[in-house]
>>> print(open('coords12.csv').read())   # CSV, C-alpha atoms
chain,number,residue,atom,x,y,z
A,1,MET,CA,0.0,0.0,0.0
A,2,TYR,CA,1.3,3.4,-0.9
A,3,SER,CA,1.5,5.9,1.9
A,4,TRP,CA,-0.9,8.3,0.1
A,5,GLU,CA,-3.6,5.6,-0.2
A,6,LYS,CA,-4.6,6.0,3.4
A,7,ASN,CA,-6.0,9.5,2.5
A,8,ILE,CA,-8.2,8.3,-0.4
A,9,ARG,CA,-11.9,8.3,0.1
A,10,THR,CA,-13.0,4.9,-1.1
A,11,VAL,CA,-16.6,3.9,-1.8
A,12,GLU,CA,-18.4,0.9,-3.3
A,13,PRO,CA,-19.5,2.4,-6.6
A,14,TYR,CA,-23.0,2.3,-8.2
A,15,VAL,CA,-23.0,-0.2,-11.0
A,16,PRO,CA,-25.0,1.1,-14.0
A,17,GLY,CA,-26.8,-1.2,-16.5
A,18,GLU,CA,-24.7,-2.8,-19.2
A,19,GLN,CA,-24.4,-0.7,-22.4
A,20,PRO,CA,-23.9,-3.4,-25.1
A,21,LYS,CA,-22.1,-2.3,-28.3
A,22,GLU,CA,-23.7,-4.9,-30.6
A,23,THR,CA,-26.3,-3.8,-33.1
A,24,ASN,CA,-29.7,-5.5,-33.7
A,25,ILE,CA,-30.3,-6.1,-30.0
A,26,ILE,CA,-33.3,-5.5,-27.8
A,27,LYS,CA,-32.0,-3.4,-24.9
A,28,LEU,CA,-34.4,-3.7,-22.0
A,29,ASN,CA,-31.9,-3.3,-19.1
A,30,THR,CA,-31.7,0.5,-18.4
A,31,ASN,CA,-35.3,1.8,-18.5
A,32,GLU,CA,-34.7,4.0,-21.5
A,33,ASN,CA,-37.8,5.0,-23.5
A,34,PRO,CA,-38.1,3.0,-26.7
A,35,TYR,CA,-39.5,6.0,-28.6
A,36,GLY,CA,-37.4,9.0,-29.6
A,37,PRO,CA,-37.9,12.5,-28.1
A,38,SER,CA,-40.4,14.9,-29.6
A,39,PRO,CA,-39.7,15.2,-33.4
A,40,ARG,CA,-39.8,19.0,-33.1
A,41,ILE,CA,-36.3,19.1,-31.8
A,42,ALA,CA,-34.9,17.2,-34.9
A,43,SER,CA,-35.8,20.3,-37.0
A,44,MET,CA,-34.2,22.8,-34.7
A,45,LYS,CA,-31.2,24.6,-36.0
A,46,LEU,CA,-28.8,25.7,-33.2
A,47,ASP,CA,-26.4,28.5,-33.6
A,48,THR,CA,-23.1,26.9,-32.5
A,49,ASP,CA,-21.6,30.3,-31.6
A,50,PHE,CA,-23.1,29.9,-28.1
A,51,LEU,CA,-20.7,27.0,-27.5
A,52,ARG,CA,-17.8,29.4,-26.9
A,53,LYS,CA,-19.7,31.0,-24.0
A,54,TYR,CA,-20.5,29.7,-20.6
A,55,PRO,CA,-24.1,28.6,-20.1
A,56,ASP,CA,-26.5,30.6,-17.9
A,57,PRO,CA,-25.6,29.4,-14.4
A,58,ARG,CA,-29.2,30.0,-13.3
A,59,ALA,CA,-30.5,27.8,-16.2
A,60,GLY,CA,-33.2,30.4,-16.5
A,61,MET,CA,-34.6,29.3,-19.8
A,62,LEU,CA,-35.4,25.8,-18.6
A,63,VAL,CA,-36.3,26.8,-15.0
A,64,ASP,CA,-38.8,29.3,-16.2
A,65,LYS,CA,-40.3,26.8,-18.7
A,66,LEU,CA,-40.6,24.1,-16.1
A,67,ALA,CA,-42.2,26.5,-13.6
A,68,GLU,CA,-44.8,27.5,-16.1
A,69,TYR,CA,-45.5,23.9,-17.1
A,70,HIS,CA,-46.1,22.9,-13.5
A,71,GLY,CA,-47.9,26.0,-12.3
A,72,LEU,CA,-45.1,27.1,-10.0
A,73,SER,CA,-42.9,30.2,-9.6
A,74,SER,CA,-39.4,30.0,-11.0
A,75,ASP,CA,-37.9,30.1,-7.5
A,76,GLN,CA,-39.6,26.7,-6.8
A,77,VAL,CA,-37.6,24.9,-9.5
A,78,PHE,CA,-34.0,23.6,-9.5
A,79,VAL,CA,-32.4,21.9,-12.5
A,80,GLY,CA,-29.4,19.6,-12.8
A,81,VAL,CA,-27.5,17.1,-15.0
A,82,GLY,CA,-30.1,14.4,-14.7
A,83,SER,CA,-32.0,13.5,-11.6
A,84,ASP,CA,-28.9,11.8,-10.2
A,85,ASP,CA,-27.1,15.2,-10.1
A,86,VAL,CA,-30.2,16.8,-8.5
A,87,LEU,CA,-30.4,14.0,-5.9
A,88,ALA,CA,-26.7,14.0,-5.1
A,89,MET,CA,-26.8,17.8,-4.6
A,90,SER,CA,-29.8,17.2,-2.3
A,91,PHE,CA,-28.0,14.7,-0.2
A,92,MET,CA,-25.1,17.1,0.1
A,93,THR,CA,-27.4,20.0,1.0
A,94,PHE,CA,-30.0,18.5,3.3
A,95,PHE,CA,-28.7,15.4,4.9
A,96,ASN,CA,-26.2,16.7,7.4
A,97,SER,CA,-27.6,15.4,10.7
A,98,ASP,CA,-26.0,12.9,13.0
A,99,LYS,CA,-29.3,11.0,12.8
A,100,PRO,CA,-29.6,8.4,10.0
A,101,ILE,CA,-31.5,9.1,6.8
A,102,LEU,CA,-34.1,6.4,5.9
A,103,PHE,CA,-34.8,4.7,2.6
A,104,PRO,CA,-36.0,1.2,1.6
A,105,ASP,CA,-33.7,-1.8,1.6
A,106,ILE,CA,-34.8,-2.6,-2.0
A,107,THR,CA,-34.7,0.6,-3.9
A,108,TYR,CA,-32.6,2.7,-6.2
A,109,SER,CA,-29.1,1.5,-5.4
A,110,PHE,CA,-27.4,5.0,-5.8
A,111,TYR,CA,-28.9,6.1,-2.4
A,112,ASP,CA,-26.5,4.2,-0.2
A,113,VAL,CA,-23.6,5.0,-2.6
A,114,TRP,CA,-24.2,8.7,-2.0
A,115,ALA,CA,-24.6,8.2,1.7
A,116,GLU,CA,-21.4,6.3,1.9
A,117,MET,CA,-19.5,8.8,-0.2
A,118,LEU,CA,-20.7,11.8,1.7
A,119,ARG,CA,-20.4,10.0,5.1
A,120,ILE,CA,-24.1,10.3,5.8
A,121,PRO,CA,-25.4,7.8,8.4
A,122,TYR,CA,-28.3,5.8,7.0
A,123,GLU,CA,-30.7,3.0,7.8
A,124,LYS,CA,-32.4,0.8,5.2
A,125,GLN,CA,-36.0,0.0,6.0
A,126,PRO,CA,-37.2,-3.4,4.9
A,127,LEU,CA,-40.0,-3.7,2.4
A,128,ASP,CA,-42.7,-6.1,3.5
A,129,GLU,CA,-43.3,-9.6,2.1
A,130,ASN,CA,-45.1,-8.2,-0.9
A,131,PHE,CA,-42.3,-5.6,-1.6
A,132,ASN,CA,-44.4,-2.7,-0.2
A,133,ILE,CA,-42.9,0.2,1.7
A,134,VAL,CA,-44.0,0.0,5.4
A,135,LYS,CA,-45.1,3.5,6.3
A,136,GLU,CA,-44.7,3.1,10.0
A,137,ASP,CA,-40.9,2.5,9.5
A,138,TYR,CA,-40.6,6.1,8.6
A,139,MET,CA,-42.3,7.5,11.7
A,140,LYS,CA,-39.2,7.5,13.8
A,141,GLU,CA,-36.4,9.9,14.5
A,142,ASN,CA,-34.3,10.4,11.4
A,143,GLY,CA,-32.0,12.8,9.5
A,144,GLY,CA,-34.1,12.7,6.3
A,145,ILE,CA,-36.1,10.4,4.2
A,146,ILE,CA,-35.9,9.5,0.5
A,147,PHE,CA,-37.7,6.9,-1.7
A,148,PRO,CA,-38.8,6.6,-5.3
A,149,ASN,CA,-42.4,6.6,-6.2
A,150,PRO,CA,-43.0,4.3,-8.0
A,151,ASN,CA,-40.2,2.4,-6.3
A,152,ALA,CA,-37.4,0.9,-8.3
A,153,PRO,CA,-36.7,-1.8,-9.2
A,154,THR,CA,-40.2,-3.1,-8.0
A,155,GLY,CA,-42.3,-0.5,-9.9
A,156,ILE,CA,-44.8,-0.4,-7.0
A,157,LEU,CA,-46.6,2.9,-6.4
A,158,VAL,CA,-47.9,4.4,-3.1
A,159,ASP,CA,-50.7,7.0,-3.1
A,160,THR,CA,-50.4,10.6,-2.1
A,161,ASP,CA,-52.1,10.0,1.2
A,162,PHE,CA,-49.4,7.6,2.1
A,163,ILE,CA,-46.7,10.2,1.2
A,164,GLU,CA,-48.5,12.9,3.1
A,165,ASP,CA,-48.7,10.9,6.3
A,166,ILE,CA,-44.9,10.5,6.1
A,167,VAL,CA,-44.2,14.1,5.4
A,168,LYS,CA,-46.5,15.6,8.0
A,169,ASN,CA,-45.2,13.2,10.7
A,170,ASN,CA,-41.6,14.2,10.0
A,171,PRO,CA,-41.7,18.1,10.2
A,172,SER,CA,-38.1,18.3,11.3
A,173,SER,CA,-36.8,16.2,8.4
A,174,ILE,CA,-36.5,16.8,4.6
A,175,VAL,CA,-38.5,14.2,2.7
A,176,ILE,CA,-37.5,13.6,-1.0
A,177,ILE,CA,-39.8,11.8,-3.3
A,178,ASP,CA,-38.0,10.6,-6.4
A,179,GLU,CA,-40.6,10.6,-9.2
A,180,ALA,CA,-38.4,9.3,-12.0
A,181,TYR,CA,-41.2,7.0,-13.3
A,182,ILE,CA,-44.3,8.9,-12.1
A,183,ASP,CA,-45.5,9.7,-15.7
A,184,PHE,CA,-46.3,6.0,-16.4
A,185,GLY,CA,-49.4,5.7,-14.4
A,186,GLY,CA,-48.8,7.4,-11.0
A,187,THR,CA,-50.2,10.4,-9.3
A,188,THR,CA,-47.6,13.0,-8.3
A,189,ALA,CA,-47.0,14.3,-4.8
A,190,LEU,CA,-46.2,17.7,-6.3
A,191,PRO,CA,-49.3,19.5,-4.9
A,192,LEU,CA,-48.1,18.8,-1.4
A,193,ILE,CA,-45.1,21.1,-1.7
A,194,ASP,CA,-47.5,24.1,-1.2
A,195,LYS,CA,-48.7,22.5,2.1
A,196,TYR,CA,-45.4,21.2,3.5
A,197,ASP,CA,-42.2,23.1,3.6
A,198,ASN,CA,-40.1,20.0,4.1
A,199,LEU,CA,-41.0,18.2,0.9
A,200,ILE,CA,-38.9,18.0,-2.3
A,201,VAL,CA,-40.2,16.3,-5.5
A,202,VAL,CA,-37.6,15.2,-8.1
A,203,ARG,CA,-38.2,14.4,-11.8
A,204,THR,CA,-36.2,13.5,-14.8
A,205,PHE,CA,-36.4,13.9,-18.6
A,206,SER,CA,-34.6,10.5,-19.1
A,207,LYS,CA,-37.7,8.2,-19.0
A,208,SER,CA,-41.0,9.7,-20.1
A,209,ARG,CA,-39.4,12.5,-22.1
A,210,SER,CA,-37.0,10.1,-24.0
A,211,MET,CA,-33.9,12.2,-23.3
A,212,ALA,CA,-31.6,10.0,-21.2
A,213,GLY,CA,-28.7,11.0,-23.4
A,214,LEU,CA,-29.1,14.7,-22.7
A,215,ARG,CA,-29.2,14.5,-18.9
A,216,ILE,CA,-31.8,16.8,-17.5
A,217,GLY,CA,-33.3,16.4,-14.0
A,218,TYR,CA,-35.1,18.9,-11.7
A,219,ALA,CA,-36.4,19.4,-8.2
A,220,MET,CA,-39.5,21.2,-7.1
A,221,ALA,CA,-40.0,22.6,-3.6
A,222,ASN,CA,-40.7,25.7,-1.6
A,223,PRO,CA,-38.4,28.7,-2.5
A,224,VAL,CA,-36.3,28.4,0.7
A,225,LEU,CA,-35.3,24.8,-0.1
A,226,ILE,CA,-34.5,25.7,-3.7
A,227,LYS,CA,-32.3,28.6,-2.6
A,228,TYR,CA,-30.3,26.2,-0.4
A,229,LEU,CA,-29.8,23.9,-3.3
A,230,ASN,CA,-28.7,26.7,-5.6
A,231,ASP,CA,-26.3,28.0,-2.9
A,232,VAL,CA,-24.6,24.6,-2.8
A,233,LYS,CA,-24.6,24.3,-6.6
A,234,TYR,CA,-23.0,27.7,-7.0
A,235,SER,CA,-20.3,26.8,-4.4
A,236,TYR,CA,-19.6,23.5,-6.1
A,237,ASN,CA,-20.1,24.0,-9.9
A,238,SER,CA,-22.0,27.1,-11.2
A,239,TYR,CA,-22.3,25.8,-14.7
A,240,THR,CA,-23.9,22.4,-14.3
A,241,MET,CA,-26.3,22.6,-17.3
A,242,ASN,CA,-24.9,23.0,-20.8
A,243,THR,CA,-26.6,25.3,-23.3
A,244,PRO,CA,-27.8,22.7,-25.7
A,245,SER,CA,-29.6,20.9,-22.9
A,246,LEU,CA,-31.2,24.1,-21.8
A,247,ILE,CA,-32.4,24.9,-25.3
A,248,LEU,CA,-33.6,21.4,-26.2
A,249,GLY,CA,-35.1,20.7,-22.8
A,250,SER,CA,-37.1,23.9,-23.0
A,251,GLU,CA,-38.4,23.1,-26.4
A,252,ILE,CA,-39.5,19.6,-25.7
A,253,ILE,CA,-41.8,20.7,-22.8
A,254,ASP,CA,-44.1,22.4,-25.3
A,255,ASP,CA,-44.9,19.1,-27.1
A,256,GLU,CA,-47.5,17.8,-24.6
A,257,GLU,CA,-49.4,15.8,-27.3
A,258,TYR,CA,-46.3,13.8,-28.1
A,259,PHE,CA,-45.4,13.3,-24.5
A,260,ARG,CA,-48.9,11.9,-23.7
A,261,SER,CA,-48.8,9.7,-26.8
A,262,VAL,CA,-45.5,8.1,-25.9
A,263,THR,CA,-46.3,7.5,-22.2
A,264,GLY,CA,-49.7,6.1,-23.2
A,265,LYS,CA,-48.0,3.6,-25.6
A,266,VAL,CA,-45.6,2.4,-22.9
A,267,ILE,CA,-48.4,1.9,-20.4
A,268,ASN,CA,-50.5,-0.1,-22.9
A,269,THR,CA,-47.6,-2.2,-23.9
A,270,ARG,CA,-46.7,-2.8,-20.2
A,271,GLU,CA,-50.1,-4.1,-19.4
A,272,ARG,CA,-50.2,-6.3,-22.5
A,273,PHE,CA,-46.8,-7.7,-21.8
A,274,THR,CA,-47.6,-8.3,-18.1
A,275,LYS,CA,-50.6,-10.4,-19.0
A,276,ALA,CA,-48.7,-12.4,-21.5
A,277,ILE,CA,-45.8,-13.4,-19.2
A,278,LYS,CA,-48.2,-14.1,-16.3
A,279,GLU,CA,-49.8,-16.7,-18.5
A,280,MET,CA,-46.5,-18.5,-18.9
A,281,GLY,CA,-45.8,-18.8,-15.1
A,282,PHE,CA,-44.3,-15.4,-14.2
A,283,THR,CA,-45.1,-13.5,-11.0
A,284,VAL,CA,-45.1,-9.8,-11.9
A,285,LEU,CA,-45.2,-7.1,-9.3
A,286,PRO,CA,-47.9,-4.4,-9.9
A,287,SER,CA,-45.9,-1.8,-11.9
A,288,LYS,CA,-46.7,1.9,-12.5
A,289,ALA,CA,-43.2,2.4,-14.2
A,290,ASN,CA,-41.8,1.8,-17.6
A,291,PHE,CA,-40.6,-1.6,-16.5
A,292,VAL,CA,-41.8,-4.7,-14.8
A,293,PHE,CA,-40.2,-6.8,-12.1
A,294,ALA,CA,-40.8,-10.5,-12.7
A,295,SER,CA,-39.9,-13.9,-11.4
A,296,HIS,CA,-40.7,-17.3,-13.0
A,297,SER,CA,-42.2,-20.1,-10.9
A,298,THR,CA,-39.6,-22.7,-12.1
A,299,VAL,CA,-36.9,-21.2,-14.2
A,300,PRO,CA,-34.2,-19.2,-12.3
A,301,ALA,CA,-33.9,-15.6,-13.2
A,302,LYS,CA,-30.2,-15.8,-13.9
A,303,GLU,CA,-30.7,-18.7,-16.4
A,304,ILE,CA,-33.4,-16.6,-18.2
A,305,LEU,CA,-31.0,-13.6,-18.2
A,306,GLU,CA,-28.2,-15.6,-19.9
A,307,LYS,CA,-30.4,-17.3,-22.4
A,308,MET,CA,-32.1,-14.1,-23.4
A,309,LYS,CA,-28.8,-12.4,-23.7
A,310,SER,CA,-27.6,-15.1,-26.1
A,311,GLN,CA,-30.6,-14.1,-28.3
A,312,GLY,CA,-29.6,-10.4,-28.2
A,313,VAL,CA,-32.1,-9.4,-25.5
A,314,TYR,CA,-30.8,-7.6,-22.4
A,315,PHE,CA,-32.6,-7.6,-19.0
A,316,ARG,CA,-31.4,-6.2,-15.6
A,317,TYR,CA,-30.5,-8.6,-12.9
A,318,PHE,CA,-29.7,-7.7,-9.2
A,319,ASN,CA,-27.7,-10.3,-7.3
A,320,ALA,CA,-29.1,-9.2,-3.9
A,321,PRO,CA,-31.1,-10.8,-1.1
A,322,ARG,CA,-34.8,-11.3,-1.7
A,323,ILE,CA,-34.6,-10.2,-5.4
A,324,ASP,CA,-32.0,-12.5,-6.8
A,325,ASN,CA,-34.7,-14.5,-8.6
A,326,TYR,CA,-36.3,-11.5,-10.2
A,327,LEU,CA,-35.6,-9.7,-13.5
A,328,ARG,CA,-36.3,-6.0,-14.2
A,329,ILE,CA,-37.5,-5.8,-17.8
A,330,THR,CA,-37.8,-2.4,-19.4
A,331,ILE,CA,-40.9,-1.9,-21.7
A,332,GLY,CA,-39.9,-1.6,-25.3
A,333,THR,CA,-42.0,-1.2,-28.5
A,334,ASP,CA,-44.9,-3.6,-29.2
A,335,GLU,CA,-42.7,-5.3,-31.8
A,336,GLU,CA,-39.8,-5.8,-29.3
A,337,MET,CA,-42.0,-7.1,-26.5
A,338,ASP,CA,-43.8,-9.5,-28.9
A,339,LYS,CA,-40.4,-11.0,-29.7
A,340,VAL,CA,-39.5,-11.1,-26.0
A,341,VAL,CA,-42.7,-13.0,-25.2
A,342,GLY,CA,-41.9,-15.5,-27.9
A,343,LEU,CA,-38.4,-16.1,-26.7
A,344,LEU,CA,-39.5,-16.3,-23.0
A,345,SER,CA,-42.2,-18.8,-24.0
A,346,LYS,CA,-39.6,-21.1,-25.6
A,347,ILE,CA,-37.2,-20.9,-22.6
A,348,CYS,CA,-39.9,-21.6,-20.0
A,349,CYS,CA,-41.6,-24.3,-22.0
A,350,ALA,CA,-38.3,-26.0,-22.9
A,351,THR,CA,-37.3,-26.0,-19.3
A,352,ASN,CA,-40.6,-27.3,-18.0
>>> encode(input="coords12.csv", output="structure tokens")
Amino acid sequence: MYSWEKNIRTVEPYVPGEQPKETNIIKLNTNENPYGPSPRIASMKLDTDFLRKYPDPRAGMLVDKLAEYHGLSSDQVFVGVGSDDVLAMSFMTFFNSDKPILFPDITYSFYDVWAEMLRIPYEKQPLDENFNIVKEDYMKENGGIIFPNPNAPTGILVDTDFIEDIVKNNPSSIVIIDEAYIDFGGTTALPLIDKYDNLIVVRTFSKSRSMAGLRIGYAMANPVLIKYLNDVKYSYNSYTMNTPSLILGSEIIDDEEYFRSVTGKVINTRERFTKAIKEMGFTVLPSKANFVFASHSTVPAKEILEKMKSQGVYFRYFNAPRIDNYLRITIGTDEEMDKVVGLLSKICCATN
């Protein structure tokens, strides 16, 4: 060991989904939207002269557009480089107590990575036997609360009354609701930010807006919390959002018809796919996301994973307690999911 190694901050990193380089595959492992972003951005002509200048540190163009879209004031919106950036900035800003922050034991696996990296104490709260969040587990002393709704990788949604109970019973803690998948059939907790000053709602353009490659995320809360976020951002990196992201992100918000059409397609395909694989022996958790979490009654998940991969189909597998026999399957196009159903049917029938 080198002498300088003792001063290095080490952390067990988050492991992203595999990004295969092959062509002609069906990539259902990273919850990307199978449909492209609004076609209106393809016809946009950008003046590249802006690239020589720093972007607006306030990200005003996008902040103002998001505020208008959600019926908020601009001082209630914070944007960042994907929701991961927004969430990491929120951890840095709000979770500074000696008390542990609370989040589910089966959830987005970046939460404990950020907590470890930032030396934030935390406690994982176990989901129940049906993979539901247990509300009472969040009614104890804590330094903050965060969970996705719908949860990931389960896809299970809780209602806004459930969230409100947690928020109102934790007046001394910041509660963050990560709504990365809310547009695929859920009801947002956003109206609660006007009622509770300790609530932050986080969204992303990566899923329902089909812009994972552009990296846009945002938080909505009362102006005091947003100011605290901006204070930390300006002290850490003033220019988090590049100008093309600001321009394209602002433009895509205006195409509500396309947005509704795409999310509707994904929802319909999800329900059809769920029915089809249930009929071949899969247990599928009730999903309100753009993916399903499924386990077969007789064929091990890892075996299905490898056999599907050999056919050019990629799923996400988590080698973790309680979920190591489940697969997270992103919803693709109807054509892709029909092919997946056919391949799964052959694997399950051949094994049985």
>>> closest_residue(input="coords12.csv", among="A:Leu87, A:Ile253, A:Ala294, A:Ile182", to="Ile200 in chain A", atoms="only C-alpha atoms")
A:Leu87
>>> atom_distance(input="coords12.csv", atom1="CA of Pro16 in chain A", atom2="CA of Thr30 in chain A")
8.0 Å
>>> residues_around(input="coords12.csv", residues="Tyr54 in chain A", least_positions_apart="4", cutoff="12 Å", atoms="all atoms listed in the file", output="VMD selection string")
chain A and resid 49 to 50 58 to 59 238 to 244
>>> closest_residue(input="coords12.csv", among="A:Ile193, A:Val201, A:Val113, A:Ile156", to="Tyr218 in chain A", atoms="only C-alpha atoms")
A:Val201
>>> residues_around(input="coords12.csv", residues="range 213-217 of chain A", least_positions_apart="2", cutoff="9 Å", atoms="only C-alpha atoms", output="list in words")
Phe78, Val79, Gly80, Val81, Gly82, Ser83, Asp84, Asp85, Val86, Leu87, Ala180, Val202, Arg203, Thr204, Phe205, Ser206, Ser210, Met211, Ala219, Met241, Pro244, Ser245, Leu246, Leu248 and Gly249 of chain A
